$ cat data29.txt   # compact mmCIF, C-alpha atoms
# COMPACT_ATOMS: atom_id res chain seq x y z
CA GLY A 1 -85.53 87.53 6.81
CA ASN A 2 -84.35 91.12 6.68
CA ILE A 3 -84.80 93.77 3.98
CA ASN A 4 -82.52 96.81 3.89
CA VAL A 5 -82.92 99.85 1.64
CA THR A 6 -79.89 102.10 1.92
CA ASN A 7 -79.72 103.87 -1.46
CA GLY A 8 -81.97 105.22 -4.20
CA GLN A 9 -85.72 105.82 -4.21
CA ASN A 10 -86.89 102.30 -3.47
CA ILE A 11 -89.57 100.35 -1.58
CA GLY A 12 -89.01 97.95 1.30
CA MET A 13 -92.08 95.76 0.62
CA TYR A 14 -94.64 96.28 -2.16
CA VAL A 15 -97.82 94.28 -2.84
CA ALA A 16 -99.78 95.11 -6.01
CA GLY A 17 -102.80 93.81 -7.93
CA THR A 18 -104.54 90.96 -6.11
CA GLY A 19 -101.38 89.86 -4.34
CA THR A 20 -100.76 89.25 -0.67
CA GLY A 21 -97.59 89.50 1.36
CA THR A 22 -96.43 89.14 4.95
CA ASN A 23 -93.52 90.45 6.94
CA THR A 24 -93.30 87.66 9.51
CA ASN A 25 -92.81 88.23 13.23
CA ALA A 26 -89.10 87.55 12.76
CA GLY A 27 -88.81 89.86 9.76
CA LYS A 28 -87.28 93.31 9.76
CA VAL A 29 -87.64 95.95 7.04
CA THR A 30 -85.22 98.87 7.33
CA VAL A 31 -85.38 101.85 4.97
CA ASN A 32 -83.04 104.83 5.36
CA SER A 33 -82.83 106.33 1.89
CA ASP A 34 -84.37 109.69 0.95
CA GLY A 35 -87.43 109.45 -1.31
CA SER A 36 -88.10 105.82 -0.41
CA ILE A 37 -91.12 103.97 1.00
CA GLY A 38 -91.25 101.40 3.77
CA LEU A 39 -94.42 99.42 2.97
CA MET A 40 -96.71 99.99 -0.04
CA THR A 41 -99.88 98.44 -1.45
CA THR A 42 -101.94 99.12 -4.60
CA GLY A 43 -104.84 97.45 -6.40
CA THR A 44 -106.55 95.10 -3.96
CA GLY A 45 -103.24 93.96 -2.50
CA ILE A 46 -102.97 93.05 1.18
CA LEU A 47 -99.72 93.40 3.10
CA THR A 48 -99.52 92.14 6.68
CA ASN A 49 -96.72 93.38 8.91
CA ASN A 50 -96.17 91.13 11.91
CA GLY A 51 -92.52 92.07 12.20
CA GLU A 52 -90.60 95.30 12.51
CA LEU A 53 -90.45 98.30 10.20
CA LYS A 54 -87.93 101.14 10.53
CA VAL A 55 -88.03 104.08 8.13
CA THR A 56 -85.84 107.20 8.19
CA GLY A 57 -85.49 109.79 5.46
CA GLY A 58 -86.52 113.05 3.87
CA ASN A 59 -87.03 114.66 0.49
CA ASN A 60 -84.86 113.43 -2.36
CA ALA A 61 -81.99 115.46 -3.80
CA THR A 62 -84.23 117.21 -6.36
CA ASN A 63 -86.90 117.96 -3.74
CA THR A 64 -89.57 116.25 -5.86
CA ARG A 65 -90.34 113.24 -3.67
CA GLY A 66 -90.40 112.59 0.06
CA THR A 67 -90.00 109.54 2.26
CA ILE A 68 -93.14 107.64 3.33
CA GLY A 69 -93.35 105.09 6.11
CA MET A 70 -96.43 103.23 4.87
CA THR A 71 -98.76 103.99 1.95
CA ALA A 72 -101.99 102.10 1.16
CA GLY A 73 -103.49 102.81 -2.26
CA VAL A 74 -107.17 102.87 -3.21
CA GLY A 75 -108.78 99.48 -2.47
CA SER A 76 -105.67 98.00 -0.86
CA THR A 77 -104.77 97.17 2.74
CA ILE A 78 -101.78 97.36 5.03
CA ASP A 79 -102.35 95.61 8.35
CA SER A 80 -99.67 96.32 10.95
CA THR A 81 -101.88 95.43 13.93
CA ASN A 82 -99.37 92.97 15.36
CA GLY A 83 -96.22 94.57 14.00
CA LYS A 84 -94.01 97.37 15.22
CA ALA A 85 -93.22 100.51 13.24
CA THR A 86 -90.67 103.24 13.89
CA ILE A 87 -90.89 106.05 11.34
CA ASP A 88 -88.89 109.31 11.34
CA VAL A 89 -89.37 111.49 8.27
CA THR A 90 -88.56 115.08 7.38
CA GLY A 91 -89.38 117.45 4.53
CA ASP A 92 -92.57 118.87 3.06
CA LYS A 93 -93.16 115.89 0.76
CA SER A 94 -92.63 113.25 3.44
CA ILE A 95 -95.41 111.42 5.28
CA GLY A 96 -95.37 108.98 8.17
CA LEU A 97 -98.58 107.09 7.34
CA TYR A 98 -100.58 107.73 4.14
CA SER A 99 -103.80 105.99 3.16
CA GLU A 100 -106.22 106.10 0.27
CA GLY A 101 -107.23 102.54 1.21
CA THR A 102 -107.11 100.78 4.58
CA LEU A 103 -104.16 101.10 6.94
CA LYS A 104 -104.23 99.50 10.39
CA ILE A 105 -101.48 100.40 12.81
CA GLY A 106 -100.43 98.81 16.10
CA GLU A 107 -97.51 99.75 18.33
CA SER A 108 -95.70 102.53 16.54
CA THR A 109 -93.63 105.68 16.78
CA ILE A 110 -94.19 108.33 14.11
CA LYS A 111 -91.90 111.38 14.06
CA THR A 112 -91.97 114.27 11.59
CA ASN A 113 -90.03 117.48 11.06
CA ASN A 114 -89.56 120.33 8.58
CA GLY A 115 -92.99 120.21 6.91
CA ALA A 116 -93.82 116.50 7.02
CA ILE A 117 -97.20 114.99 8.01
CA ASN A 118 -97.60 112.24 10.62
CA TYR A 119 -101.00 110.78 9.63
CA PHE A 120 -102.65 111.55 6.25
CA ALA A 121 -105.95 109.94 5.14
CA LYS A 122 -107.15 111.03 1.69
CA ASP A 123 -110.57 110.72 0.02
CA ASN A 124 -111.99 107.37 1.18
CA GLY A 125 -108.75 106.33 2.85
CA LYS A 126 -108.69 105.21 6.47
CA ILE A 127 -105.98 105.00 9.09
CA GLU A 128 -106.91 103.08 12.22
CA VAL A 129 -104.96 102.77 15.45
CA VAL A 130 -106.35 99.41 16.57
CA THR A 131 -107.87 98.70 19.97
CA GLY A 132 -105.34 98.00 22.71
CA LYS A 133 -102.41 99.53 20.81
CA THR A 134 -100.64 102.88 21.14
CA SER A 135 -99.11 105.06 18.46
CA THR A 136 -96.68 107.68 19.76
CA ALA A 137 -96.23 110.76 17.61
CA THR A 138 -93.90 113.74 17.63
CA THR A 139 -94.76 116.57 15.27
CA GLY A 140 -91.73 118.77 14.71
CA GLN A 141 -91.36 122.31 13.49
CA SER A 142 -93.43 123.30 10.42
CA SER A 143 -95.06 119.85 10.47
CA LEU A 144 -98.65 118.61 10.81
CA LEU A 145 -99.98 115.82 13.01
CA PHE A 146 -103.29 115.04 11.25
CA TYR A 147 -104.50 115.71 7.71
CA THR A 148 -107.82 114.31 6.46
CA LYS A 149 -108.90 115.21 2.94
CA GLY A 150 -112.31 114.54 1.43
CA ALA A 151 -113.88 111.55 3.18
CA GLY A 152 -110.57 110.40 4.68
CA LYS A 153 -110.75 109.13 8.27
CA ILE A 154 -108.28 108.66 11.11
CA ILE A 155 -109.81 106.36 13.71
CA LEU A 156 -108.37 106.14 17.21
CA ASN A 157 -109.73 102.87 18.57
CA GLY A 158 -106.37 102.64 20.31
CA ASN A 159 -104.43 105.59 21.72
CA ILE A 160 -102.31 108.25 20.11
CA ASN A 161 -99.92 110.06 22.44
CA ALA A 162 -98.74 113.10 20.49
CA THR A 163 -96.37 115.99 21.19
CA ILE A 164 -96.43 119.12 19.04
CA LYS A 165 -93.19 121.09 18.88
CA GLY A 166 -93.16 124.86 18.96
CA GLY A 167 -91.59 127.57 16.86
CA SER A 168 -90.96 131.29 17.17
CA THR A 169 -92.67 132.26 13.89
CA PRO A 170 -95.94 131.15 12.22
CA SER A 171 -94.08 129.17 9.56
CA THR A 172 -92.03 127.16 12.07
CA ARG A 173 -94.78 126.10 14.49
CA GLY A 174 -95.81 122.46 14.60
CA THR A 175 -99.58 122.04 14.15
CA ALA A 176 -102.02 119.40 15.40
CA PHE A 177 -105.13 119.85 13.19
CA TYR A 178 -105.86 121.27 9.73
CA TYR A 179 -109.48 122.36 9.26
CA THR A 180 -110.75 123.32 5.83
CA GLY A 181 -114.10 125.03 5.50
CA GLY A 182 -116.04 125.75 2.34
CA GLY A 183 -117.06 128.68 0.19
CA THR A 184 -115.56 130.82 -2.52
CA LEU A 185 -112.11 132.22 -1.84
CA GLY A 186 -112.38 135.93 -1.18
CA SER A 187 -116.14 135.85 -0.53
CA LEU A 188 -116.21 135.98 3.28
CA GLY A 189 -119.94 135.42 3.58
CA THR A 190 -119.64 131.98 1.98
CA TYR A 191 -117.01 130.66 4.39
CA THR A 192 -117.87 127.96 6.94
CA GLN A 193 -118.69 129.20 10.44
CA LEU A 194 -116.14 127.75 12.84
CA ASN A 195 -118.18 127.03 15.96
CA PRO A 196 -118.67 124.12 18.41
CA THR A 197 -121.42 122.54 16.30
CA ASN A 198 -119.40 122.46 13.08
CA VAL A 199 -116.23 121.33 14.87
CA ALA A 200 -118.18 118.45 16.42
CA THR A 201 -119.49 117.41 12.99
CA TRP A 202 -116.00 117.57 11.53
CA ALA A 203 -114.50 115.56 14.42
CA ARG A 204 -117.18 112.87 14.20
CA ASN A 205 -116.76 112.53 10.44
CA SER A 206 -112.97 112.79 10.19
CA PHE A 207 -112.11 110.96 13.41
CA GLY A 208 -115.16 108.76 13.89
CA ASN A 209 -118.12 106.99 12.33
CA GLY A 210 -120.19 110.11 11.71
CA SER A 211 -121.96 110.00 15.06
CA THR A 212 -119.13 109.54 17.58
CA SER A 213 -115.61 110.98 17.61
CA THR A 214 -112.64 108.84 18.70
CA LEU A 215 -110.54 111.90 19.64
CA GLY A 216 -111.06 110.98 23.31
CA ASN A 217 -108.19 108.53 22.75
CA LEU A 218 -105.83 111.36 21.76
CA ASN A 219 -103.45 112.61 24.45
CA LEU A 220 -102.06 115.83 23.02
CA THR A 221 -99.12 117.68 24.54
CA MET A 222 -98.75 121.19 23.15
CA ASN A 223 -95.28 122.67 23.61
CA GLN A 224 -94.76 126.40 23.93
CA GLY A 225 -95.02 128.06 20.52
CA SER A 226 -96.91 125.17 18.93
CA ARG A 227 -100.32 125.50 17.25
CA LEU A 228 -103.55 123.58 17.73
CA PHE A 229 -105.42 124.50 14.51
CA LEU A 230 -104.53 125.79 11.08
CA THR A 231 -107.81 126.78 9.41
CA GLU A 232 -108.79 127.78 5.89
CA ARG A 233 -111.98 129.40 4.57
CA VAL A 234 -113.71 129.87 7.91
CA ASN A 235 -115.59 132.63 9.69
CA MET A 236 -114.86 132.65 13.40
CA ASP A 237 -116.17 134.60 16.38
CA LEU A 238 -113.66 135.78 18.95
CA SER A 239 -115.66 133.96 21.65
CA ASN A 240 -114.83 130.61 20.03
CA THR A 241 -111.07 130.98 20.01
CA SER A 242 -110.45 128.96 23.20
CA ALA A 243 -109.85 125.23 22.65
CA SER A 244 -112.23 124.23 25.44
CA ASN A 245 -115.09 126.22 23.94
CA LEU A 246 -114.50 125.04 20.40
CA PHE A 247 -114.58 121.35 21.40
CA SER A 248 -117.62 121.90 23.64
CA GLY A 249 -119.96 120.46 21.02
CA LEU A 250 -118.44 117.04 21.72
CA SER A 251 -119.16 114.92 24.78
CA ALA A 252 -116.35 114.62 27.31
CA SER A 253 -115.39 111.15 26.02
CA GLU A 254 -115.11 112.46 22.44
CA ARG A 255 -112.73 115.36 23.12
CA PRO A 256 -108.93 115.24 22.88
CA ASN A 257 -107.02 115.46 26.14
CA ILE A 258 -104.93 118.59 25.70
CA THR A 259 -102.11 119.68 28.01
CA GLY A 260 -99.50 122.41 27.69
CA ALA A 261 -99.06 126.16 27.98
CA GLY A 262 -97.95 128.99 25.75
CA TYR A 263 -99.28 127.45 22.54
CA ARG A 264 -101.33 129.17 19.85
CA THR A 265 -104.89 127.99 19.44
CA PHE A 266 -105.38 129.07 15.81
CA MET A 267 -103.89 130.42 12.68
CA LEU A 268 -106.58 131.71 10.33
CA TYR A 269 -105.57 131.34 6.66
CA HIS A 270 -107.87 132.74 3.95
CA SER A 271 -110.34 133.21 6.83
CA HIS A 272 -112.14 135.91 8.81
CA LEU A 273 -112.27 136.66 12.56
CA ASN A 274 -115.40 138.49 13.65

$ encode --input "data29.txt" --output "C-alpha cells"
Amino acid sequence: GNINVTNGQNIGMYVAGTGTGTNTNAGKVTVNSDGSIGLMTTGTGILTNNGELKVTGGNNATNTRGTIGMTAGVGSTIDSTNGKATIDVTGDKSIGLYSEGTLKIGESTIKTNNGAINYFAKDNGKIEVVTGKTSTATTGQSSLLFYTKGAGKIILNGNINATIKGGSTPSTRGTAFYYTGGGTLGSLGTYTQLNPTNVATWARNSFGNGSTSTLGNLNLTMNQGSRLFLTERVNMDLSNTSASNLFSGLSASERPNITGAGYRTFMLYHSHLN
C-alpha cells in the first residue's frame, strides 16, 4: 500500500520498542510536509524498506524542527538495502540520513540545501552504503555532505557519487567534510595538528573499521566556490593545505576521488594556520 504525509509534523513509518515493520517492494511512502520524517526507528525496532521512499521538506514554520529522510535511534535499525530512497531536504535543522543506531542504504538520491546535512552519524551510530549499491548526493549552498560525531561512522561499501555546490561567500559554500580536532578553545598549543597522519586516522575511524578507510568509494565533484573541509580546533601548516598532500597518509584505494576546479580546500574555524 501507499502512505502519504502532506500536512503537519508527522512520520511516514515508525517502528518502536521491540517491533518490526516492512515497507514491501510494492509499497510507497511519500512525505512532503515541513518538519516531518520519512522512516524512523527507536528502541530495538527494525524497519525494512523494500519499496520506495520519497521525502521533501524543510524547517517547520517556527524554525524549531527540520525534515529528516530516515532516522535510526540508539539500538535500532533501518535496512533500506533493497529499497529506493529519494530525499530532498532544506534548512539548517534538516537531515537526509541520520543514525544513532544502524542505517543501511541502497539505491538512493540525497539532496540538501540551505544548511542541511546529507549524511549524519552520531556517537555509535552507523550509516552504511551497502556493497553493489550507489547513493547519489547533491550538497547545496551552506550545506554539509558528511558529519560524524563521536564514534559515528559512515561506511562506503557501495559508492557515493557526490556533488558539492559553490557559493560566493564563506557562509554560502557547500562543504564536503567537517573535521573537529581537540584541545581547549583559545589555547592554540592544545589544538590537533592537521597533517596527513591525523587525517588518515580520522578517515579510517570515521569512514572505515579503524584500519582501512572506505573513502575510495567516494566520487566527489567539487563545483567552483565549494569547500572541501571545514575544520575546528586544529593547527595546520601551510604545506598541508593541498587536498592531495593532506590525504597522502592514506593508500590510493582509501582516498576519495576528487574532481573539480576553483574550489576552496579549507576554512579554518577556531583554528590556527602556521

$ closest_residue --input "data29.txt" --among "A:Leu250, A:Leu273, A:Ile3, A:Ala137" --to "A:Gly189" --atoms "only C-alpha atoms"
A:Leu273

$ residues_around --input "data29.txt" --residues "stretch 96-110 of chain A" --least-positions-apart "6" --cutoff "9 Å" --atoms "only C-alpha atoms" --output "ChimeraX atom specification"
/A:41-42,55,67-89,116-139,152,158

$ atom_distance --input "data29.txt" --atom1 "atom CA of A:Asn235" --atom2 "atom CA of A:Leu218"
26.3 Å

$ atom_distance --input "data29.txt" --atom1 "atom CA of A:Ser213" --atom2 "atom CA of A:Ala162"
17.2 Å

$ atom_distance --input "data29.txt" --atom1 "atom CA of A:Gly8" --atom2 "atom CA of A:Gly66"
12.0 Å

$ residues_around --input "data29.txt" --residues "A:Leu246" --least-positions-apart "3" --cutoff "12 Å" --atoms "all atoms listed in the file" --output "PyMOL selection string"
chain A and resi 193-203+228-229+236-243+249-251+255-256+265-266

$ residues_around --input "data29.txt" --residues "A:Thr259" --least-positions-apart "4" --cutoff "10 Å" --atoms "only C-alpha atoms" --output "PyMOL selection string"
chain A and resi 163+219-223+263

$ residues_around --input "data29.txt" --residues "A:Arg233" --least-positions-apart "4" --cutoff "10 Å" --atoms "all atoms listed in the file" --output "tab-separated table (two decimals) with C-alpha atoms, keeping the file's coordinate frame"
chain	number	residue	atom	x	y	z
A	179	TYR	CA	-109.48	122.36	9.26
A	180	THR	CA	-110.75	123.32	5.83
A	181	GLY	CA	-114.10	125.03	5.50
A	182	GLY	CA	-116.04	125.75	2.34
A	183	GLY	CA	-117.06	128.68	0.19
A	184	THR	CA	-115.56	130.82	-2.52
A	185	LEU	CA	-112.11	132.22	-1.84
A	186	GLY	CA	-112.38	135.93	-1.18
A	187	SER	CA	-116.14	135.85	-0.53
A	188	LEU	CA	-116.21	135.98	3.28
A	190	THR	CA	-119.64	131.98	1.98
A	191	TYR	CA	-117.01	130.66	4.39
A	192	THR	CA	-117.87	127.96	6.94
A	193	GLN	CA	-118.69	129.20	10.44
A	194	LEU	CA	-116.14	127.75	12.84
A	268	LEU	CA	-106.58	131.71	10.33
A	269	TYR	CA	-105.57	131.34	6.66
A	270	HIS	CA	-107.87	132.74	3.95
A	271	SER	CA	-110.34	133.21	6.83
A	272	HIS	CA	-112.14	135.91	8.81

$ residues_around --input "data29.txt" --residues "A:Gly45" --least-positions-apart "4" --cutoff "6 Å" --atoms "all atoms listed in the file" --output "list in words"
Val15, Ala16, Gly17, Thr18, Gly19, Thr20, Thr41 and Ser76 of chain A

$ axis_aligned_box --input "data29.txt" --around "stretch 173-183 of chain A" --padding-each-side "8 Å" --output "AutoDock Vina command-line options"
--center_x -105.9 --center_y 124.0 --center_z 7.8 --size_x 38.3 --size_y 25.3 --size_z 31.2

$ closest_residue --input "data29.txt" --among "A:Leu144, A:Ile11, A:Ile154, A:Leu215" --to "A:Leu39" --atoms "all atoms listed in the file"
A:Ile11

$ closest_residue --input "data29.txt" --among "A:Thr90, A:Tyr14, A:Thr30, A:Lys165" --to "A:Asn59" --atoms "all atoms listed in the file"
A:Thr90

$ closest_residue --input "data29.txt" --among "A:Gly12, A:Gly91, A:Gly216, A:Gly140" --to "A:Arg204" --atoms "only C-alpha atoms"
A:Gly216

$ closest_residue --input "data29.txt" --among "A:Leu53, A:Val31, A:Leu145, A:Ala176" --to "A:Thr6" --atoms "only C-alpha atoms"
A:Val31

$ decode --input "data29.txt" --residues "stretch 145-160 of chain A" --atoms "N, CA and C atoms" --output "mmCIF file, in the first residue's frame"
data_model
loop_
_atom_site.group_PDB
_atom_site.id
_atom_site.type_symbol
_atom_site.label_atom_id
_atom_site.label_comp_id
_atom_site.auth_asym_id
_atom_site.auth_seq_id
_atom_site.Cartn_x
_atom_site.Cartn_y
_atom_site.Cartn_z
ATOM 1 N N LEU A 145 27.979 17.688 3.400
ATOM 2 C CA LEU A 145 27.807 16.318 2.909
ATOM 3 C C LEU A 145 27.881 15.298 4.040
ATOM 4 N N PHE A 146 28.978 15.300 4.791
ATOM 5 C CA PHE A 146 29.215 14.304 5.838
ATOM 6 C C PHE A 146 29.413 14.963 7.193
ATOM 7 N N TYR A 147 28.774 14.396 8.220
ATOM 8 C CA TYR A 147 29.044 14.812 9.595
ATOM 9 C C TYR A 147 29.077 13.562 10.467
ATOM 10 N N THR A 148 30.238 13.266 11.059
ATOM 11 C CA THR A 148 30.353 12.181 12.018
ATOM 12 C C THR A 148 30.708 12.801 13.363
ATOM 13 N N LYS A 149 29.988 12.412 14.389
ATOM 14 C CA LYS A 149 30.205 12.966 15.729
ATOM 15 C C LYS A 149 30.488 11.824 16.694
ATOM 16 N N GLY A 150 31.484 12.011 17.568
ATOM 17 C CA GLY A 150 31.853 10.945 18.480
ATOM 18 C C GLY A 150 32.370 9.751 17.708
ATOM 19 N N ALA A 151 31.827 8.580 17.996
ATOM 20 C CA ALA A 151 32.250 7.350 17.319
ATOM 21 C C ALA A 151 31.368 7.012 16.113
ATOM 22 N N GLY A 152 30.610 7.979 15.633
ATOM 23 C CA GLY A 152 29.761 7.750 14.467
ATOM 24 C C GLY A 152 30.584 7.379 13.239
ATOM 25 N N LYS A 153 30.020 6.506 12.403
ATOM 26 C CA LYS A 153 30.713 6.030 11.207
ATOM 27 C C LYS A 153 29.812 6.104 9.988
ATOM 28 N N ILE A 154 30.409 6.473 8.862
ATOM 29 C CA ILE A 154 29.747 6.398 7.561
ATOM 30 C C ILE A 154 30.598 5.480 6.696
ATOM 31 N N ILE A 155 30.048 4.326 6.346
ATOM 32 C CA ILE A 155 30.806 3.279 5.670
ATOM 33 C C ILE A 155 30.350 3.177 4.212
ATOM 34 N N LEU A 156 31.311 3.314 3.316
ATOM 35 C CA LEU A 156 31.019 3.267 1.881
ATOM 36 C C LEU A 156 31.462 1.919 1.317
ATOM 37 N N ASN A 157 30.691 0.869 1.622
ATOM 38 C CA ASN A 157 30.955 -0.410 0.969
ATOM 39 C C ASN A 157 30.453 -0.373 -0.465
ATOM 40 N N GLY A 158 29.406 0.400 -0.704
ATOM 41 C CA GLY A 158 28.991 0.767 -2.048
ATOM 42 C C GLY A 158 29.560 2.136 -2.381
ATOM 43 N N ASN A 159 29.043 2.750 -3.427
ATOM 44 C CA ASN A 159 29.571 4.035 -3.895
ATOM 45 C C ASN A 159 28.694 5.203 -3.464
ATOM 46 N N ILE A 160 29.335 6.324 -3.206
ATOM 47 C CA ILE A 160 28.640 7.602 -3.127
ATOM 48 C C ILE A 160 29.206 8.505 -4.211
#
